[in-house]
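So this block is my_file27.txt, compact mmCIF, C-alpha atoms:
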# COMPACT_ATOMS: atom_id res chain seq x y z
CA MET V 38 69.42 -58.49 -61.68
CA THR V 39 68.35 -55.34 -63.49
CA GLN V 40 69.86 -51.92 -63.08
CA ASP V 41 66.66 -50.58 -61.45
CA THR V 42 66.72 -53.35 -58.86
CA GLN V 43 70.35 -52.66 -58.03
CA GLN V 44 69.64 -48.98 -57.51
CA GLY V 45 66.71 -49.64 -55.14
CA LEU V 46 63.61 -47.50 -54.65
CA GLN V 47 63.65 -43.89 -55.68
CA GLY V 48 63.26 -41.28 -52.95
CA PRO V 49 65.05 -38.81 -50.70
CA ALA V 50 68.13 -39.84 -48.78
CA PRO V 51 67.58 -40.75 -45.10
CA ASP V 52 68.94 -37.39 -43.89
CA ASP V 53 66.57 -35.55 -46.24
CA ARG V 54 63.40 -37.33 -45.05
CA PRO V 55 61.02 -35.50 -42.70
CA HIS V 56 61.29 -36.45 -39.03
CA PRO V 57 58.67 -35.89 -36.30
CA THR V 58 59.46 -32.75 -34.32
CA GLY V 59 57.53 -33.82 -31.22
CA ARG V 60 58.41 -36.36 -28.59
CA ARG V 61 56.51 -39.03 -26.67
CA ASN V 62 55.09 -38.21 -23.25
CA ALA V 63 54.95 -40.52 -20.22
CA HIS V 64 51.85 -42.20 -21.67
CA GLY V 65 53.55 -43.10 -24.97
CA GLU V 66 51.80 -40.43 -27.06
CA ARG V 67 53.72 -38.29 -29.56
CA ILE V 68 53.11 -34.65 -28.67
CA ASP V 69 54.04 -31.18 -29.81
CA PRO V 70 56.05 -29.51 -27.00
CA GLU V 71 54.41 -26.14 -27.66
CA VAL V 72 50.93 -27.64 -27.42
CA GLU V 73 51.83 -29.56 -24.25
CA ALA V 74 53.13 -26.38 -22.62
CA GLU V 75 49.73 -24.72 -23.12
CA GLN V 76 47.78 -27.54 -21.41
CA GLN V 77 47.20 -27.31 -17.68
CA PRO V 78 46.40 -30.36 -15.53
CA ARG V 79 42.89 -30.65 -14.16
CA THR V 80 41.13 -33.07 -11.84
CA ALA V 81 38.75 -35.52 -13.50
CA VAL V 82 36.49 -38.22 -12.09
CA ILE V 83 36.29 -41.31 -14.31
CA SER V 84 33.71 -44.05 -13.73
CA ALA V 85 34.17 -47.51 -15.22
CA LEU V 86 31.81 -50.47 -15.19
CA VAL V 87 33.78 -53.73 -15.18
CA GLU V 88 33.20 -57.44 -14.83
CA HIS V 89 33.57 -58.20 -11.12
CA GLU V 90 36.20 -60.91 -11.39
CA PRO V 91 39.39 -61.75 -9.45
CA GLY V 92 42.32 -59.50 -10.28
CA VAL V 93 40.38 -56.71 -11.99
CA LEU V 94 41.51 -54.07 -9.51
CA SER V 95 45.16 -55.10 -9.80
CA ARG V 96 44.89 -54.88 -13.61
CA VAL V 97 43.53 -51.35 -13.44
CA SER V 98 46.09 -50.16 -10.91
CA GLY V 99 48.87 -51.87 -12.87
CA LEU V 100 47.76 -50.17 -16.08
CA PHE V 101 47.84 -46.71 -14.52
CA SER V 102 51.17 -47.42 -12.82
CA ARG V 103 52.81 -48.48 -16.09
CA ARG V 104 51.46 -45.45 -17.92
CA GLN V 105 52.48 -43.13 -15.06
CA PHE V 106 49.08 -41.51 -14.67
CA ASN V 107 48.71 -39.29 -11.63
CA ILE V 108 45.98 -41.04 -9.59
CA GLU V 109 44.57 -39.17 -6.59
CA SER V 110 42.20 -41.96 -5.52
CA LEU V 111 40.68 -45.24 -6.70
CA THR V 112 37.58 -46.92 -5.26
CA VAL V 113 35.69 -50.05 -6.29
CA GLY V 114 32.37 -51.56 -5.27
CA PRO V 115 29.37 -53.57 -6.51
CA THR V 116 26.55 -52.17 -8.65
CA THR V 117 22.88 -53.08 -9.03
CA VAL V 118 23.85 -55.70 -11.64
CA ASP V 119 25.17 -59.02 -10.34
CA GLY V 120 28.70 -59.69 -11.56
CA HIS V 121 29.44 -56.01 -12.28
CA ALA V 122 31.55 -53.57 -10.27
CA ARG V 123 32.03 -49.81 -10.46
CA ILE V 124 35.52 -48.35 -10.35
CA THR V 125 35.79 -44.63 -9.62
CA LEU V 126 39.10 -42.98 -10.45
CA VAL V 127 40.17 -39.45 -9.63
CA VAL V 128 43.10 -38.37 -11.79
CA GLU V 129 44.97 -35.11 -12.25
CA GLU V 130 46.13 -34.84 -15.84
CA THR V 131 45.96 -32.64 -18.91
CA ASP V 132 43.00 -33.12 -21.25
CA ALA V 133 45.19 -35.34 -23.44
CA GLY V 134 46.19 -37.44 -20.44
CA ILE V 135 42.57 -37.83 -19.32
CA ASP V 136 41.50 -38.93 -22.81
CA GLN V 137 44.36 -41.43 -22.87
CA ALA V 138 43.35 -42.77 -19.44
CA LYS V 139 39.81 -43.42 -20.68
CA LYS V 140 41.08 -45.09 -23.86
CA GLN V 141 43.38 -47.38 -21.91
CA LEU V 142 40.60 -48.34 -19.50
CA LYS V 143 38.30 -49.24 -22.38
CA LYS V 144 40.93 -51.63 -23.74
CA LEU V 145 40.98 -53.73 -20.58
CA LYS V 146 39.24 -57.06 -21.06
CA PRO V 147 36.86 -56.77 -18.06
CA ALA V 148 35.81 -53.18 -18.95
CA ILE V 149 32.17 -52.76 -19.96
CA ALA V 150 31.81 -48.97 -20.18
CA VAL V 151 33.95 -45.95 -19.28
CA GLY V 152 32.98 -42.31 -18.93
CA GLU V 153 34.02 -39.03 -17.32
CA LEU V 154 31.58 -37.45 -14.88
CA GLY V 155 30.54 -33.83 -15.22
CA THR V 156 31.32 -31.11 -12.71
CA ASP V 157 27.76 -31.34 -11.32
CA ALA V 158 28.11 -35.02 -10.37
CA VAL V 159 27.21 -36.10 -6.83
CA ARG V 160 30.52 -36.82 -5.09
CA ALA V 161 31.34 -38.00 -1.59
CA GLU V 162 34.08 -39.60 0.45
CA LEU V 163 34.59 -40.75 4.01
CA VAL V 164 37.41 -40.10 6.47
CA LEU V 165 38.21 -41.69 9.81
CA LEU V 166 40.26 -39.56 12.20
CA LYS V 167 41.90 -40.71 15.42
CA VAL V 168 42.89 -37.72 17.55
CA ARG V 169 44.24 -37.17 21.04
CA GLY V 170 41.53 -37.26 23.72
CA GLU V 171 42.69 -34.57 26.14
CA GLU V 172 39.89 -32.18 25.06
CA PRO V 173 36.83 -34.39 24.41
CA ASP V 174 34.30 -31.53 24.57
CA LYS V 175 36.12 -29.55 21.87
CA VAL V 176 36.57 -32.66 19.72
CA HIS V 177 32.83 -33.37 20.03
CA ALA V 178 32.00 -29.77 19.05
CA ILE V 179 34.11 -29.95 15.88
CA THR V 180 32.61 -33.35 15.05
CA GLN V 181 29.09 -31.91 15.35
CA MET V 182 30.03 -28.87 13.26
CA TYR V 183 30.96 -31.18 10.37
CA GLU V 184 27.93 -33.48 10.92
CA GLY V 185 30.21 -36.34 11.88
CA GLN V 186 29.98 -39.28 14.27
CA THR V 187 32.10 -40.35 17.21
CA LEU V 188 32.94 -44.02 16.68
CA ASP V 189 35.25 -44.59 19.64
CA ALA V 190 36.16 -42.53 22.70
CA GLY V 191 38.63 -43.27 25.45
CA PRO V 192 40.82 -41.41 27.92
CA ARG V 193 43.68 -41.14 25.41
CA THR V 194 42.15 -41.15 21.90
CA ILE V 195 38.90 -40.31 20.10
CA THR V 196 37.99 -41.66 16.66
CA VAL V 197 35.46 -39.81 14.51
CA GLN V 198 33.92 -40.27 11.07
CA ILE V 199 33.18 -37.47 8.61
CA THR V 200 31.48 -37.83 5.21
CA GLY V 201 31.03 -35.28 2.46
CA ASP V 202 32.64 -33.80 -0.61
CA GLN V 203 36.38 -33.29 -0.89
CA GLN V 204 36.33 -29.68 0.29
CA LYS V 205 34.35 -30.57 3.42
CA ILE V 206 36.73 -33.42 4.24
CA ASP V 207 39.79 -31.21 3.72
CA ASP V 208 38.32 -28.51 5.98
CA ALA V 209 37.44 -31.05 8.67
CA VAL V 210 40.93 -32.53 8.67
CA ASP V 211 42.41 -29.04 9.09
CA ALA V 212 40.02 -28.34 11.99
CA PHE V 213 41.04 -31.53 13.84
CA ARG V 214 44.78 -30.82 13.55
CA GLN V 215 44.64 -28.65 16.68
CA PHE V 216 44.02 -31.77 18.79
CA GLY V 217 46.82 -33.80 17.23
CA ILE V 218 45.87 -36.32 14.56
CA ILE V 219 47.30 -39.73 15.44
CA GLU V 220 45.95 -41.70 12.47
CA ILE V 221 43.84 -40.95 9.41
CA ALA V 222 42.16 -43.08 6.73
CA ARG V 223 40.36 -41.67 3.67
CA THR V 224 38.34 -43.68 1.19
CA GLY V 225 38.83 -41.36 -1.79
CA GLN V 226 35.98 -40.00 -3.85
CA THR V 227 33.11 -42.02 -5.20
CA ALA V 228 30.55 -40.43 -7.46
CA LEU V 229 27.34 -40.81 -9.46
CA ALA V 230 25.89 -38.64 -12.21
CA ARG V 231 23.14 -36.30 -11.08
CA GLY V 232 19.48 -37.02 -11.83
CA ASP V 233 18.56 -39.76 -14.31
CA THR V 234 21.76 -39.32 -16.35
CA PRO V 235 23.69 -42.62 -16.57
CA THR V 236 26.99 -42.48 -14.70
CA THR V 237 28.71 -44.45 -17.49
CA PRO V 238 27.58 -44.43 -21.14
CA GLY V 239 24.76 -46.87 -21.80
CA GLU V 240 24.39 -47.87 -18.16
CA SER V 241 20.92 -48.94 -17.02
CA PRO V 242 19.64 -50.21 -13.66
CA ALA V 243 19.22 -53.91 -13.01
CA GLU V 244 15.57 -53.42 -12.11
CA SER V 245 13.13 -50.70 -13.18
CA ALA V 246 11.81 -48.54 -10.37
CA THR V 247 8.04 -48.01 -10.56
CA ALA V 248 6.82 -44.62 -9.49
CA THR V 249 4.04 -44.76 -6.89
CA ASP V 250 2.21 -41.65 -8.07
CA ASP V 251 1.55 -42.39 -11.74
CA ASN V 252 2.67 -46.05 -12.09
CA GLN V 253 5.26 -45.08 -14.70
CA THR V 254 8.64 -46.73 -15.03
CA LEU V 255 11.95 -44.91 -14.84
CA ASN V 256 14.12 -45.88 -17.81
CA TYR V 257 17.54 -44.34 -18.61
CA ASP V 258 16.96 -44.86 -22.32
CA ASP V 259 13.89 -42.61 -22.48

Show me this structure written as structure tokens.
Amino acid sequence: MTQDTQQGLQGPAPDDRPHPTGRRNAHGERIDPEVEAEQQPRTAVISALVEHEPGVLSRVSGLFSRRQFNIESLTVGPTTVDGHARITLVVEETDAGIDQAKKQLKKLKPAIAVGELGTDAVRAELVLLKVRGEEPDKVHAITQMYEGQTLDAGPRTITVQITGDQQKIDDAVDAFRQFGIIEIARTGQTALARGDTPTTPGESPAESATATDDNQTLNYDD
């Protein structure tokens, strides 16, 4: 064995080597504490097209649970393409956390496309409210004010349905508190991009829609 081999590789001692000054956040990313302190959480709506197969929803929810993302709501439903489903996630995270959420979603095997919707996206959710029925006329008036529907009415309870954006739903829930809310169920937000903008990158409809006025075809790729 030569002298060089016995001495090992040249370089600084372990204590003299540079060490990362940041730490890892809840999502496993190494961050600069000063940079993290400057970032404020914001609400983002993420749309993901996935293969509609058994267990896909549990995989998505499990991913976000392990990574400790702050999920406000999660909805899933079919699309115009057979075998595909759309997952709509509402998360409250910093910009770095939102980017990480999109990256992690893209890595899932059933994921086809993932994108964040703009602030002008068309958003809606539904809420069912069961309230006490002592004042049916007032309950009906509030329901009409929020363009809702009465689904069930009895001597003791009244159940109504309200649809709209998050602010409308929040306002309606506050208005119904005066009657005593017995039960409530909210779907969470679902959303689509406005106009002919694809909701997820590269998304196209299963069938082209032919316009009746000029016989031209609507195509997202145009």

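Between V:Leu154 and the residues V:His89, V:Lys167, V:Arg79, V:Arg231, the shortest atom-to-atom distance, using only C-alpha atoms, involves V:Arg231.
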
> Just how far from atom CA of V:Ile135 is atom CA of V:Gln76, in Å to one decimal?
Replying inline: 11.7 Å

12 Å contact set for V:Pro173, all atoms listed in the file, chain neighbours under 4 positions out, as a tab-separated table (two decimals) with C-alpha atoms, in the frame of the given file:
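Writing the result to out-v9.tsv gives the following:
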chain	number	residue	atom	x	y	z
V	168	VAL	CA	42.89	-37.72	17.55
V	169	ARG	CA	44.24	-37.17	21.04
V	177	HIS	CA	32.83	-33.37	20.03
V	178	ALA	CA	32.00	-29.77	19.05
V	179	ILE	CA	34.11	-29.95	15.88
V	180	THR	CA	32.61	-33.35	15.05
V	187	THR	CA	32.10	-40.35	17.21
V	189	ASP	CA	35.25	-44.59	19.64
V	190	ALA	CA	36.16	-42.53	22.70
V	191	GLY	CA	38.63	-43.27	25.45
V	192	PRO	CA	40.82	-41.41	27.92
V	193	ARG	CA	43.68	-41.14	25.41
V	194	THR	CA	42.15	-41.15	21.90
V	195	ILE	CA	38.90	-40.31	20.10
V	196	THR	CA	37.99	-41.66	16.66
V	197	VAL	CA	35.46	-39.81	14.51
V	213	PHE	CA	41.04	-31.53	13.84
V	216	PHE	CA	44.02	-31.77	18.79

> How many Å separate atom CA of V:Leu86 from atom CA of V:Ala150?
Replying inline: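 Calculated distance between atom CA of V:Leu86 and atom CA of V:Ala150 is 5.2 Å.
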
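One distance worth recording is that between atom CA of V:Val210 and atom CA of V:Ala85, which is 29.0 Å.
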
> Taking (36.8, -30.3, 0.1) in the file's coordinates, which residues come within 12 Å, counting all atoms listed in the file, written as a PyMOL selection string?
Replying inline: chain V and resi 160-164+183+199-211+225-226

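The residue that comes closest to V:Gly99, out of V:Val151, V:Ala50, V:Val176, V:Leu145 and on the basis of all atoms listed in the file, is V:Leu145.
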